[in-house]
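Colleague: Quick one: this structure, given as structure tokens, is what I'll be asking you about.
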Amino acid sequence: MDFKRLVILYGSQTGYAEDLADRISRQARSRHIKIYLSSLDEYSIKNLINEDVVLFVCSTTGQGDPPDNMQLFWKFIMRRGLPNNSLINVKFAVLGLGDSSYEQYNFVAKKLHKRLLMLGGNALVNVCLGDDQHDLGSDAAVEPWLLQFWETLGQIYSISNPNKSLLSPKYDVSCYVNTNEISENFIKEFSPTVQEASEKKPYKAELISNDRVTKQTHFQDVRLIKFSAVNAHCIYKPGDVLMIQPENTDENVDKFFEIFNCFDRSTIVECKEKDGISVPDVLKGQNSLENLVKYYFDFCGRPKRSFFEILSKFSTSELEKEKLEEFDSAEGQEELFAYCNRPRRTYLEVLQDFPETLACIEKEYFFDLFPPLKPRAFSIASSPKYHKNELHILVAVVRYKTRLFEPRKGVCSTWLAYSGLKYASIWIKKGTMMFPRPENVKPCIMVGPGTGVAPFRSYLLDMLIDKKKDNLLFFGSRNEKSDFFFKEDWENCQKENILQLRTAFSRDQDDKIYVQHRIRQEVDLVCRYIYDEEGSCYIAGNSNQMPEAVKDAVKECLIKGRNLTKDDADTFISNMIRKKLYQLETWS
Ligand SMILES: Cc1cc2nc3c(=O)[nH]c(=O)nc-3n(C[C@H](O)[C@H](O)[C@H](O)COP(=O)(O)OP(=O)(O)OC[C@H]3O[C@@H](n4cnc5c(N)ncnc54)[C@H](O)[C@@H]3O)c2cc1C
Ligand SMILES: Cc1cc2nc3c(=O)[nH]c(=O)nc-3n(C[C@H](O)[C@H](O)[C@H](O)COP(=O)(O)O)c2cc1C
């Protein structure tokens, strides 16, 4: 039996699900299967009922939320009124990417699988749950699942064996010498106002200031960055997030062209759709290679397994090919982890380790090799009521050492802090944290170590205007003198009796003191605020162990202060989460 096409739809926030969908599309093309590949929101959903086979590849983001590029689809598919037999003719499979350290583990994939069944869809295989926490990452679940998927599909339809040679580039790419003037701007159209800005049409915000707020001698460079955005205060609320589209620094662009020294920066590149793979709008029309390298390709990030798969196909050197194939094999994953993930090698560094393969790469394949630069989220630190027409963010510049000689640098934070930028492409996104409205007189506990304190500055300065009291903030950092963010703002709030501040400076004494220790010292206040007066609790910042440690500390307060059993304390917090009285905004 034949089928029309395999539809592969992805919902991806940071690019992993998109990369996986790309990889599956190559596996399909190598089997001569006709495909359609796009993000869920680019797909015309009215066609869904007429498809034969649809594969959904979705991550979960936020606190159990669907990624930005599947929001419209999500709203549609969850609509109550959809008939139960809508998808009766559709065979589907759902592949989820998530992280089991999050409360809502793989929530999107699980819920989507259930929903598709409810709508009459026929599951080809069970839902796959890829987990970042596994030693081998999500591949541990994805690889065997994919084998099963192809096998099941092969039992229903006639499918050829995979062809191992290099496929044609995913887009129809033409490259030619520049003869005419082309636009200097990569983004052809900016939104005239921040209100209307979106990922497709961002707002070009002017940078007002970029100040280091940690001492020069402190291990970490943290920046308070302010953008000017007329009337921005009318559209965001404390807890909302500023999305920023990063660019590669000029230094890295130069490095790229040093490595690919046979390619001319001014070459014009045009992409057209072919074989059912949709082309992002920004790539349609003419772009210089230099602009693509500066604004589009992510070549300073950490390569995923698929990069090695494609590289191996180029290689004419037996030695290099063998190594690359090993990195793309199930058995080679531990070695790939040791070579690439642990030391955090970048795309460019890997390419330099495979010089003969590098020499064979054709520029038409850049779109297959390098993923697009993904926007980064920053909690808005300004207050809509206090800082009119401005947007502030508090950025920790990512820089750390691994066993490699060169320190590792975060793409977006490094560009924001050091590139001397004057403008940035931005838009505003609703955050997962929603604070009480000013007329809600219930108390509010906030826990914000490090840059996690940013959204609480936004809220507390609003409260300074609204004169709403009973706010308790736990702030944590290393040293009072080096990285005590927004000290003056807190003092202003304290003067007006808006805020009770508890600080935990971990390195200012022999024993390490963190926010969770301070919470344990406030049994009475914590119990009064959240147990007696039914207030809310917000936690923001690094997603490592902090959120769990804070939750344990809050539970301990309840056990000690209100004689709850451990089970009762668990239930109490679960109920708070359900009623949105206990909210998190965490990132890695
Ligand atoms: C909702 C939300 C709000 C956020 N708010 C803020 C905010 O207010 N302020 C802020 O600074 N950031 C915030 N972030 C994080 C921000 O979006 C970026 O992830 C961060 O700035 C790093 O981006 P980058 O491009 O500089 O680094 P990337 O190039 O993306 O590199 C970051 C990666 O490097 C790795 N890494 C980082 N440090 C180390 C280390 N020490 N050892 C090993 N590996 C490491 C991690 O894998 C990490 O994912 C927020 C994220 C989300 C989702
Ligand atoms: C800010 C953030 C929030 C996340 N929230 C969840 C979550 O609620 N549940 C979950 O299972 N995984 C969560 N994850 C893990 C991602 O789903 C996982 O890393 C996935 O591989 C990312 O795929 P993507 O790049 O396609 O978005 C989160 C990751 C980040 C960075």
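Please note that chains go A, B, ... in the order of the structure tokens, that every chain numbers its residues from 1, and that ligands are numbered from 1 in the order shown.
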Identify, counting only C-alpha atoms and all ligand atoms, the protein, DNA and RNA residues located within 7 Å of ligand 2, and give them as a VMD selection string.
Modeller: chain A and resid 11 to 18 58 to 65 67 97 to 100 102 to 107 132 586 to 588
Colleague: Could you take the residues named above and write them with N, CA, C and O atoms, as a compact mmCIF listing (two decimals), in the first residue's frame?
Modeller:
# COMPACT_ATOMS: atom_id res chain seq x y z
N GLY A 11 7.08 21.25 17.25
CA GLY A 11 6.91 22.38 18.15
C GLY A 11 8.18 22.42 18.97
O GLY A 11 8.49 21.47 19.68
N SER A 12 8.96 23.49 18.82
CA SER A 12 10.30 23.49 19.40
C SER A 12 10.64 24.88 19.90
O SER A 12 10.47 25.86 19.18
N GLN A 13 11.14 24.98 21.13
CA GLN A 13 11.48 26.29 21.67
C GLN A 13 12.96 26.61 21.47
O GLN A 13 13.32 27.67 21.02
N THR A 14 13.83 25.65 21.82
CA THR A 14 15.26 25.96 21.73
C THR A 14 15.95 25.20 20.60
O THR A 14 17.17 25.25 20.47
N GLY A 15 15.18 24.48 19.79
CA GLY A 15 15.74 23.92 18.56
C GLY A 15 15.94 22.42 18.54
O GLY A 15 16.22 21.85 17.48
N TYR A 16 15.79 21.74 19.70
CA TYR A 16 16.07 20.29 19.70
C TYR A 16 15.01 19.51 18.93
O TYR A 16 15.35 18.63 18.14
N ALA A 17 13.76 19.83 19.16
CA ALA A 17 12.69 19.10 18.46
C ALA A 17 12.75 19.41 16.96
O ALA A 17 12.49 18.54 16.13
N GLU A 18 13.12 20.64 16.64
CA GLU A 18 13.22 21.02 15.23
C GLU A 18 14.34 20.22 14.57
O GLU A 18 14.19 19.69 13.46
N CYS A 58 7.41 17.21 19.53
CA CYS A 58 7.13 18.39 20.37
C CYS A 58 7.91 18.36 21.66
O CYS A 58 7.93 17.35 22.36
N SER A 59 8.47 19.50 22.00
CA SER A 59 9.07 19.62 23.32
C SER A 59 8.05 20.24 24.27
O SER A 59 6.98 20.69 23.85
N THR A 60 8.41 20.27 25.55
CA THR A 60 7.61 21.00 26.54
C THR A 60 8.49 22.11 27.06
O THR A 60 9.67 21.90 27.32
N THR A 61 7.92 23.30 27.21
CA THR A 61 8.73 24.41 27.70
C THR A 61 8.04 25.07 28.90
O THR A 61 7.01 24.57 29.36
N GLY A 62 8.62 26.18 29.38
CA GLY A 62 8.02 26.90 30.52
C GLY A 62 7.76 25.94 31.67
O GLY A 62 8.61 25.16 32.06
N GLN A 63 6.55 25.96 32.18
CA GLN A 63 6.15 25.01 33.23
C GLN A 63 5.05 24.15 32.64
O GLN A 63 3.88 24.31 32.95
N GLY A 64 5.44 23.28 31.72
CA GLY A 64 4.47 22.40 31.07
C GLY A 64 3.74 23.09 29.92
O GLY A 64 2.59 22.76 29.64
N ASP A 65 4.41 24.02 29.25
CA ASP A 65 3.74 24.78 28.18
C ASP A 65 4.22 24.33 26.79
O ASP A 65 5.34 23.87 26.63
N PRO A 67 5.72 24.98 23.06
CA PRO A 67 6.63 25.99 22.50
C PRO A 67 5.88 27.05 21.69
O PRO A 67 4.75 26.83 21.24
N LEU A 97 9.94 15.63 23.63
CA LEU A 97 11.22 15.91 24.27
C LEU A 97 10.94 16.69 25.55
O LEU A 97 10.18 17.65 25.54
N GLY A 98 11.56 16.26 26.62
CA GLY A 98 11.32 16.93 27.90
C GLY A 98 12.45 16.66 28.86
O GLY A 98 13.51 16.15 28.49
N ASP A 99 12.16 16.98 30.10
CA ASP A 99 13.19 16.86 31.13
C ASP A 99 12.46 16.45 32.41
O ASP A 99 11.61 17.19 32.91
N SER A 100 12.82 15.24 32.90
CA SER A 100 12.05 14.70 34.02
C SER A 100 12.32 15.43 35.34
O SER A 100 11.70 15.12 36.35
N TYR A 102 11.53 18.45 35.62
CA TYR A 102 10.41 19.40 35.68
C TYR A 102 9.15 18.68 36.15
O TYR A 102 8.92 17.52 35.81
N GLU A 103 8.36 19.41 36.92
CA GLU A 103 7.10 18.88 37.45
C GLU A 103 6.21 18.35 36.32
O GLU A 103 5.65 17.27 36.40
N GLN A 104 6.11 19.12 35.25
CA GLN A 104 5.22 18.75 34.14
C GLN A 104 6.03 18.06 33.05
O GLN A 104 6.20 18.59 31.96
N TYR A 105 6.53 16.89 33.38
CA TYR A 105 7.44 16.19 32.47
C TYR A 105 6.75 15.80 31.17
O TYR A 105 5.72 15.13 31.19
N ASN A 106 7.30 16.25 30.06
CA ASN A 106 6.78 15.92 28.72
C ASN A 106 5.27 16.10 28.62
O ASN A 106 4.58 15.34 27.93
N PHE A 107 4.80 17.13 29.29
CA PHE A 107 3.36 17.35 29.37
C PHE A 107 2.72 17.49 27.98
O PHE A 107 1.66 16.92 27.71
N ASP A 132 15.95 14.70 28.89
CA ASP A 132 17.28 15.31 29.03
C ASP A 132 18.07 14.72 30.19
O ASP A 132 19.30 14.75 30.18
N THR A 586 11.69 29.09 35.75
CA THR A 586 13.09 28.67 35.92
C THR A 586 13.72 28.37 34.58
O THR A 586 13.04 28.05 33.61
N TRP A 587 15.03 28.50 34.52
CA TRP A 587 15.75 28.23 33.27
C TRP A 587 17.10 27.61 33.59
O TRP A 587 17.59 27.74 34.72
N SER A 588 17.70 26.97 32.58
CA SER A 588 18.98 26.28 32.86
C SER A 588 20.15 27.20 32.52
O SER A 588 20.00 28.15 31.79
Colleague: Report as a tab-separated table (two decimals) with all heavy atoms, in the first residue's frame which protein, DNA and RNA residues come within 7 Å of ligand 1, using only C-alpha atoms and all ligand atoms.
Modeller:
chain	number	residue	atom	x	y	z
A	62	GLY	N	8.62	26.18	29.38
A	62	GLY	CA	8.02	26.90	30.52
A	62	GLY	C	7.76	25.94	31.67
A	62	GLY	O	8.61	25.16	32.06
A	241	VAL	N	8.12	38.43	29.70
A	241	VAL	CA	9.47	38.09	29.27
A	241	VAL	C	9.82	38.86	28.00
A	241	VAL	O	8.97	39.03	27.13
A	241	VAL	CB	9.49	36.55	29.01
A	241	VAL	CG1	10.69	36.14	28.23
A	241	VAL	CG2	9.40	35.78	30.32
A	301	GLY	N	27.05	27.43	18.80
A	301	GLY	CA	26.38	26.56	19.77
A	301	GLY	C	27.02	25.18	19.78
A	301	GLY	O	28.06	24.96	19.15
A	376	ARG	N	16.34	34.30	22.61
A	376	ARG	CA	16.52	34.00	24.03
A	376	ARG	C	15.51	34.82	24.84
A	376	ARG	O	15.16	35.94	24.47
A	376	ARG	CB	17.92	34.36	24.52
A	376	ARG	CG	19.08	33.76	23.72
A	376	ARG	CD	19.11	32.25	23.74
A	376	ARG	NE	20.41	31.67	23.44
A	376	ARG	CZ	20.80	31.25	22.24
A	376	ARG	NH1	20.00	31.34	21.20
A	376	ARG	NH2	22.00	30.70	22.08
A	377	ALA	N	15.11	34.24	25.97
A	377	ALA	CA	14.12	34.90	26.84
A	377	ALA	C	14.82	35.56	28.02
A	377	ALA	O	15.77	35.00	28.56
A	377	ALA	CB	13.13	33.85	27.35
A	378	PHE	N	14.35	36.73	28.41
A	378	PHE	CA	14.85	37.38	29.63
A	378	PHE	C	13.66	37.94	30.39
A	378	PHE	O	12.83	38.67	29.81
A	378	PHE	CB	15.84	38.51	29.28
A	378	PHE	CG	17.10	37.99	28.64
A	378	PHE	CD1	17.20	37.87	27.27
A	378	PHE	CD2	18.16	37.56	29.42
A	378	PHE	CE1	18.34	37.35	26.67
A	378	PHE	CE2	19.32	37.03	28.84
A	378	PHE	CZ	19.40	36.93	27.46
A	379	SER	N	13.60	37.64	31.68
A	379	SER	CA	12.51	38.18	32.50
A	379	SER	C	12.63	39.70	32.52
A	379	SER	O	13.73	40.22	32.74
A	379	SER	CB	12.63	37.68	33.94
A	379	SER	OG	12.55	36.30	33.97
A	380	ILE	N	11.54	40.38	32.32
A	380	ILE	CA	11.61	41.85	32.31
A	380	ILE	C	11.81	42.33	33.75
A	380	ILE	O	11.08	41.93	34.65
A	380	ILE	CB	10.34	42.46	31.68
A	380	ILE	CG1	10.21	41.96	30.23
A	380	ILE	CG2	10.40	43.98	31.73
A	380	ILE	CD1	8.98	42.46	29.50
A	393	ILE	N	16.47	44.50	31.43
A	393	ILE	CA	16.72	43.07	31.71
A	393	ILE	C	18.03	42.95	32.48
A	393	ILE	O	18.91	43.81	32.37
A	393	ILE	CB	16.79	42.22	30.41
A	393	ILE	CG1	17.76	42.81	29.40
A	393	ILE	CG2	15.41	42.03	29.80
A	393	ILE	CD1	18.01	41.92	28.20
A	394	LEU	N	18.12	41.89	33.26
A	394	LEU	CA	19.33	41.63	34.05
A	394	LEU	C	19.97	40.37	33.47
A	394	LEU	O	19.41	39.28	33.59
A	394	LEU	CB	18.92	41.42	35.51
A	394	LEU	CG	20.04	41.31	36.53
A	394	LEU	CD1	20.81	42.62	36.65
A	394	LEU	CD2	19.47	40.93	37.91
A	395	VAL	N	21.11	40.56	32.83
A	395	VAL	CA	21.69	39.46	32.05
A	395	VAL	C	22.98	38.94	32.67
A	395	VAL	O	23.94	39.70	32.84
A	395	VAL	CB	22.00	39.94	30.61
A	395	VAL	CG1	22.61	38.82	29.77
A	395	VAL	CG2	20.75	40.48	29.94
A	396	ALA	N	23.00	37.67	33.01
A	396	ALA	CA	24.25	37.04	33.48
A	396	ALA	C	25.01	36.59	32.24
A	396	ALA	O	24.51	35.78	31.45
A	396	ALA	CB	23.92	35.84	34.36
A	397	VAL	N	26.19	37.15	32.05
A	397	VAL	CA	26.96	36.80	30.84
A	397	VAL	C	27.52	35.39	31.03
A	397	VAL	O	28.25	35.13	31.99
A	397	VAL	CB	28.09	37.82	30.59
A	397	VAL	CG1	28.84	37.47	29.31
A	397	VAL	CG2	27.52	39.23	30.52
A	398	VAL	N	27.15	34.51	30.11
A	398	VAL	CA	27.57	33.10	30.24
A	398	VAL	C	29.02	32.96	29.77
A	398	VAL	O	29.36	33.27	28.63
A	398	VAL	CB	26.64	32.19	29.41
A	398	VAL	CG1	27.18	30.77	29.36
A	398	VAL	CG2	25.23	32.21	29.98
A	399	ARG	N	29.88	32.54	30.68
A	399	ARG	CA	31.29	32.33	30.37
A	399	ARG	C	31.81	31.32	31.38
A	399	ARG	O	31.68	31.52	32.59
A	399	ARG	CB	32.04	33.66	30.50
A	399	ARG	CG	33.49	33.59	30.06
A	399	ARG	CD	34.18	34.90	30.42
A	399	ARG	NE	35.61	34.74	30.35
A	399	ARG	CZ	36.35	35.10	29.31
A	399	ARG	NH1	35.81	35.66	28.27
A	399	ARG	NH2	37.65	34.90	29.33
A	400	TYR	N	32.33	30.22	30.92
A	400	TYR	CA	32.82	29.21	31.84
A	400	TYR	C	33.92	28.40	31.18
A	400	TYR	O	34.09	28.44	29.96
A	400	TYR	CB	31.68	28.30	32.33
A	400	TYR	CG	30.93	27.61	31.21
A	400	TYR	CD1	31.24	26.31	30.83
A	400	TYR	CD2	29.91	28.27	30.52
A	400	TYR	CE1	30.57	25.69	29.80
A	400	TYR	CE2	29.24	27.65	29.48
A	400	TYR	CZ	29.57	26.36	29.13
A	400	TYR	OH	28.91	25.76	28.10
A	409	LYS	N	31.62	30.68	25.77
A	409	LYS	CA	30.88	31.94	25.90
A	409	LYS	C	29.45	31.77	25.39
A	409	LYS	O	29.26	31.21	24.31
A	409	LYS	CB	31.56	33.03	25.06
A	409	LYS	CG	32.94	33.39	25.56
A	409	LYS	CD	33.57	34.41	24.63
A	409	LYS	CE	35.01	34.67	25.00
A	409	LYS	NZ	35.73	35.38	23.95
A	410	GLY	N	28.49	32.26	26.14
A	410	GLY	CA	27.10	32.20	25.71
A	410	GLY	C	26.88	33.10	24.51
A	410	GLY	O	27.40	34.23	24.47
A	411	VAL	N	26.12	32.62	23.54
A	411	VAL	CA	25.95	33.36	22.28
A	411	VAL	C	25.27	34.71	22.53
A	411	VAL	O	25.78	35.77	22.16
A	411	VAL	CB	25.11	32.50	21.29
A	411	VAL	CG1	24.73	33.31	20.06
A	411	VAL	CG2	25.88	31.25	20.90
A	412	CYS	N	24.10	34.67	23.16
A	412	CYS	CA	23.30	35.89	23.26
A	412	CYS	C	23.84	36.84	24.32
A	412	CYS	O	23.97	38.04	24.09
A	412	CYS	CB	21.85	35.51	23.56
A	412	CYS	SG	20.75	36.92	23.59
A	413	SER	N	24.18	36.28	25.49
A	413	SER	CA	24.62	37.17	26.58
A	413	SER	C	25.94	37.84	26.22
A	413	SER	O	26.14	39.02	26.54
A	413	SER	CB	24.71	36.40	27.90
A	413	SER	OG	25.53	35.26	27.76
A	414	THR	N	26.83	37.14	25.52
A	414	THR	CA	28.11	37.73	25.13
A	414	THR	C	27.88	38.85	24.11
A	414	THR	O	28.45	39.93	24.20
A	414	THR	CB	29.03	36.65	24.51
A	414	THR	OG1	29.14	35.58	25.44
A	414	THR	CG2	30.41	37.19	24.18
A	431	GLY	N	4.73	35.88	30.34
A	431	GLY	CA	5.53	34.97	31.17
A	431	GLY	C	4.65	33.89	31.76
A	431	GLY	O	3.42	33.95	31.66
A	451	THR	N	19.99	36.27	38.98
A	451	THR	CA	19.18	37.05	38.04
A	451	THR	C	17.70	36.67	38.14
A	451	THR	O	16.85	37.34	37.54
A	451	THR	CB	19.66	36.84	36.58
A	451	THR	OG1	19.75	35.44	36.35
A	451	THR	CG2	21.01	37.49	36.34
A	452	GLY	N	17.40	35.63	38.90
A	452	GLY	CA	16.01	35.25	39.14
A	452	GLY	C	15.21	36.34	39.83
A	452	GLY	O	13.98	36.32	39.84
A	454	ALA	N	14.98	39.33	38.83
A	454	ALA	CA	14.53	40.34	37.85
A	454	ALA	C	13.00	40.54	37.84
A	454	ALA	O	12.53	41.68	37.97
A	454	ALA	CB	15.03	39.97	36.46
A	585	GLU	N	9.29	30.24	37.52
A	585	GLU	CA	9.84	30.59	36.19
A	585	GLU	C	11.32	30.24	36.30
A	585	GLU	O	12.09	30.95	36.93
A	585	GLU	CB	9.68	32.09	35.92
A	585	GLU	CG	10.20	32.55	34.58
A	585	GLU	CD	9.23	32.31	33.42
A	585	GLU	OE1	9.22	31.17	32.90
A	585	GLU	OE2	8.50	33.23	33.05
A	586	THR	N	11.69	29.09	35.75
A	586	THR	CA	13.09	28.67	35.92
A	586	THR	C	13.72	28.37	34.58
A	586	THR	O	13.04	28.05	33.61
A	586	THR	CB	13.16	27.40	36.80
A	586	THR	OG1	12.36	26.39	36.23
A	586	THR	CG2	12.72	27.69	38.22
A	587	TRP	N	15.03	28.50	34.52
A	587	TRP	CA	15.75	28.23	33.27
A	587	TRP	C	17.10	27.61	33.59
A	587	TRP	O	17.59	27.74	34.72
A	587	TRP	CB	15.91	29.52	32.46
A	587	TRP	CG	16.58	30.64	33.20
A	587	TRP	CD1	17.92	30.86	33.31
A	587	TRP	CD2	15.95	31.70	33.92
A	587	TRP	NE1	18.16	31.99	34.05
A	587	TRP	CE2	16.97	32.53	34.44
A	587	TRP	CE3	14.62	32.05	34.19
A	587	TRP	CZ2	16.71	33.67	35.20
A	587	TRP	CZ3	14.36	33.18	34.96
A	587	TRP	CH2	15.40	33.98	35.45
A	588	SER	N	17.70	26.97	32.58
A	588	SER	CA	18.98	26.28	32.86
A	588	SER	C	20.15	27.20	32.52
A	588	SER	O	20.00	28.15	31.79
A	588	SER	CB	19.07	25.03	32.02
A	588	SER	OG	18.91	25.35	30.67
Colleague: Enter the distance from atom CA of A:Arg578 to atom CA of A:Lys429, in Å, rounded to one decimal.
Modeller: 22.6 Å
Colleague: Report as a VMD selection string all protein, DNA and RNA residues lying within 12 Å of A:Arg26, evaluated on only C-alpha atoms, omitting residues in the same chain fewer than 2 positions from it.
Modeller: chain A and resid 6 8 19 to 24 28 to 37 162 to 170 275 to 277 306 309 to 310 368
Colleague: Using only C-alpha atoms, which of the listed residues (A:Glu206, A:Asp2, A:Asp298, A:Glu270) sits closest to A:Pro246?
Modeller: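 The closest residue to A:Pro246 is A:Asp298.
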Colleague: Find the residue from A:Ser174, A:Gln286, A:Ser158, A:Ser317 that sits nearest to A:Lys363; use only C-alpha atoms when measuring.
Modeller: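 Among the listed residues, A:Ser174 lies closest to A:Lys363.
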Colleague: Using backbone DSSP assignments, extract all strand (DSSP E) residues from stretch 145-229 of chain A; output them as a PyMOL selection string.
Modeller: chain A and resi 172-176+203-212+222-228
Colleague: What does the structure give for the distance between atom CA of A:His233 and atom CA of A:Met446, in Å to one decimal?
Modeller: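 Pair atom CA of A:His233 / atom CA of A:Met446 returns 22.2 Å.
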Colleague: Just want the 9 Å neighbourhood of A:Leu391, counted on only C-alpha atoms, with same-chain residues fewer than 3 positions away dropped. Output as a list in words.
Modeller: Ile225, Lys226, Phe227, Ser228, Ala229, Ala232, His233, Leu242, Ile380, Ala381, Ser382, Ser383, Pro384, His387 and Lys388 of chain A
Colleague: Kindly export the residues of the current selection with N, CA, C and O atoms, as a PDB file, in the first residue's frame.
Modeller:
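Writing the result to out-v3.pdb gives the following:
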ATOM      1  N   ILE A 225      20.652  45.834  31.396  1.00  0.00           N
ATOM      2  CA  ILE A 225      20.544  46.389  30.046  1.00  0.00           C
ATOM      3  C   ILE A 225      19.176  47.051  29.901  1.00  0.00           C
ATOM      4  O   ILE A 225      18.146  46.454  30.243  1.00  0.00           O
ATOM      5  N   LYS A 226      19.210  48.306  29.417  1.00  0.00           N
ATOM      6  CA  LYS A 226      17.949  49.053  29.286  1.00  0.00           C
ATOM      7  C   LYS A 226      17.700  49.381  27.819  1.00  0.00           C
ATOM      8  O   LYS A 226      18.604  49.868  27.140  1.00  0.00           O
ATOM      9  N   PHE A 227      16.493  49.113  27.380  1.00  0.00           N
ATOM     10  CA  PHE A 227      16.091  49.460  26.015  1.00  0.00           C
ATOM     11  C   PHE A 227      15.005  50.521  26.075  1.00  0.00           C
ATOM     12  O   PHE A 227      14.201  50.545  27.010  1.00  0.00           O
ATOM     13  N   SER A 228      15.000  51.342  25.044  1.00  0.00           N
ATOM     14  CA  SER A 228      13.922  52.312  24.946  1.00  0.00           C
ATOM     15  C   SER A 228      12.824  51.695  24.073  1.00  0.00           C
ATOM     16  O   SER A 228      13.108  51.129  23.016  1.00  0.00           O
ATOM     17  N   ALA A 229      11.594  51.765  24.523  1.00  0.00           N
ATOM     18  CA  ALA A 229      10.487  51.190  23.747  1.00  0.00           C
ATOM     19  C   ALA A 229       9.233  51.985  24.071  1.00  0.00           C
ATOM     20  O   ALA A 229       8.631  51.795  25.135  1.00  0.00           O
ATOM     21  N   ALA A 232       5.903  50.789  25.799  1.00  0.00           N
ATOM     22  CA  ALA A 232       6.033  49.369  26.162  1.00  0.00           C
ATOM     23  C   ALA A 232       5.275  49.088  27.452  1.00  0.00           C
ATOM     24  O   ALA A 232       4.690  48.017  27.629  1.00  0.00           O
ATOM     25  N   HIS A 233       5.281  50.090  28.359  1.00  0.00           N
ATOM     26  CA  HIS A 233       4.656  49.868  29.669  1.00  0.00           C
ATOM     27  C   HIS A 233       3.165  49.566  29.559  1.00  0.00           C
ATOM     28  O   HIS A 233       2.568  49.037  30.478  1.00  0.00           O
ATOM     29  N   LEU A 242      11.061  39.341  27.946  1.00  0.00           N
ATOM     30  CA  LEU A 242      11.523  40.013  26.727  1.00  0.00           C
ATOM     31  C   LEU A 242      12.248  38.974  25.876  1.00  0.00           C
ATOM     32  O   LEU A 242      13.185  38.324  26.352  1.00  0.00           O
ATOM     33  N   ILE A 380      11.541  40.379  32.317  1.00  0.00           N
ATOM     34  CA  ILE A 380      11.612  41.845  32.311  1.00  0.00           C
ATOM     35  C   ILE A 380      11.809  42.330  33.745  1.00  0.00           C
ATOM     36  O   ILE A 380      11.080  41.931  34.654  1.00  0.00           O
ATOM     37  N   ALA A 381      12.835  43.180  33.924  1.00  0.00           N
ATOM     38  CA  ALA A 381      13.177  43.649  35.270  1.00  0.00           C
ATOM     39  C   ALA A 381      12.642  45.048  35.542  1.00  0.00           C
ATOM     40  O   ALA A 381      12.709  45.533  36.667  1.00  0.00           O
ATOM     41  N   SER A 382      12.138  45.707  34.506  1.00  0.00           N
ATOM     42  CA  SER A 382      11.587  47.049  34.725  1.00  0.00           C
ATOM     43  C   SER A 382      10.136  46.928  35.155  1.00  0.00           C
ATOM     44  O   SER A 382       9.503  45.881  34.970  1.00  0.00           O
ATOM     45  N   SER A 383       9.632  48.036  35.714  1.00  0.00           N
ATOM     46  CA  SER A 383       8.242  48.025  36.166  1.00  0.00           C
ATOM     47  C   SER A 383       7.423  48.868  35.197  1.00  0.00           C
ATOM     48  O   SER A 383       7.805  49.997  34.878  1.00  0.00           O
ATOM     49  N   PRO A 384       6.297  48.328  34.723  1.00  0.00           N
ATOM     50  CA  PRO A 384       5.494  49.097  33.772  1.00  0.00           C
ATOM     51  C   PRO A 384       5.042  50.440  34.355  1.00  0.00           C
ATOM     52  O   PRO A 384       4.926  51.426  33.628  1.00  0.00           O
ATOM     53  N   HIS A 387       8.867  52.554  35.281  1.00  0.00           N
ATOM     54  CA  HIS A 387       9.795  52.897  34.188  1.00  0.00           C
ATOM     55  C   HIS A 387       9.010  52.981  32.892  1.00  0.00           C
ATOM     56  O   HIS A 387       8.960  52.005  32.146  1.00  0.00           O
ATOM     57  N   LYS A 388       8.427  54.110  32.640  1.00  0.00           N
ATOM     58  CA  LYS A 388       7.628  54.219  31.412  1.00  0.00           C
ATOM     59  C   LYS A 388       8.563  54.220  30.200  1.00  0.00           C
ATOM     60  O   LYS A 388       9.669  54.743  30.255  1.00  0.00           O
TER      61      LYS A 388
END
Colleague: Go through A:Phe190, A:Phe354, A:Phe92, A:Phe257 and flag the residue nearest A:Phe149, using only C-alpha atoms for the distances.
Modeller: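 Smallest separation from A:Phe149 among the options: A:Phe92.
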Colleague: Using only C-alpha atoms for the distances, tell me which of A:Tyr459, A:Trp427, A:Phe299, A:Tyr418 is nearest to A:Lys385.
Modeller: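 Distance minimum relative to A:Lys385 lands on A:Tyr459.
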Colleague: Which one is closest to A:Glu290: A:Glu331, A:Glu247, A:Glu322, A:Glu199? Count only C-alpha atoms.
Modeller: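 Going through A:Glu331, A:Glu247, A:Glu322, A:Glu199 one by one, the smallest distance to A:Glu290 is for A:Glu247.
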Colleague: List the spatial neighbours of A:Val293 as number ranges by chain - criterion: any atom at most 12 Å away, only C-alpha atoms, same-chain residues fewer than 2 positions off excluded.
Modeller: A: 186, 247-257, 260, 263-267, 269, 287-291, 295-300, 363, 366-367, 370-373
Colleague: With only C-alpha atoms as the atoms that count, which of A:Tyr538, A:Phe219, A:Tyr423, A:Tyr339 lies nearest to A:Ser482?
Modeller: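 When distances to A:Ser482 are compared using only C-alpha atoms, the smallest one comes from A:Phe219.
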Colleague: I want to know what sits within 10 Å of A:Leu146, based on only C-alpha atoms, with residues of the same chain fewer than 2 positions away left out; could you give that as an MDAnalysis selection string?
Modeller: chainID A and resid 24 27 95 125 128 139 141:144 148:152
Colleague: For stretch 467-478 of chain A, list every protein, DNA or RNA residue within 9 Å, evaluated using only C-alpha atoms, and leave out those in the same chain fewer than 5 positions away; present the list as a ChimeraX atom specification.
Modeller: /A:438-450,452-453,456,460,462,483-485,496-508,513-516,518-519,525-526,529
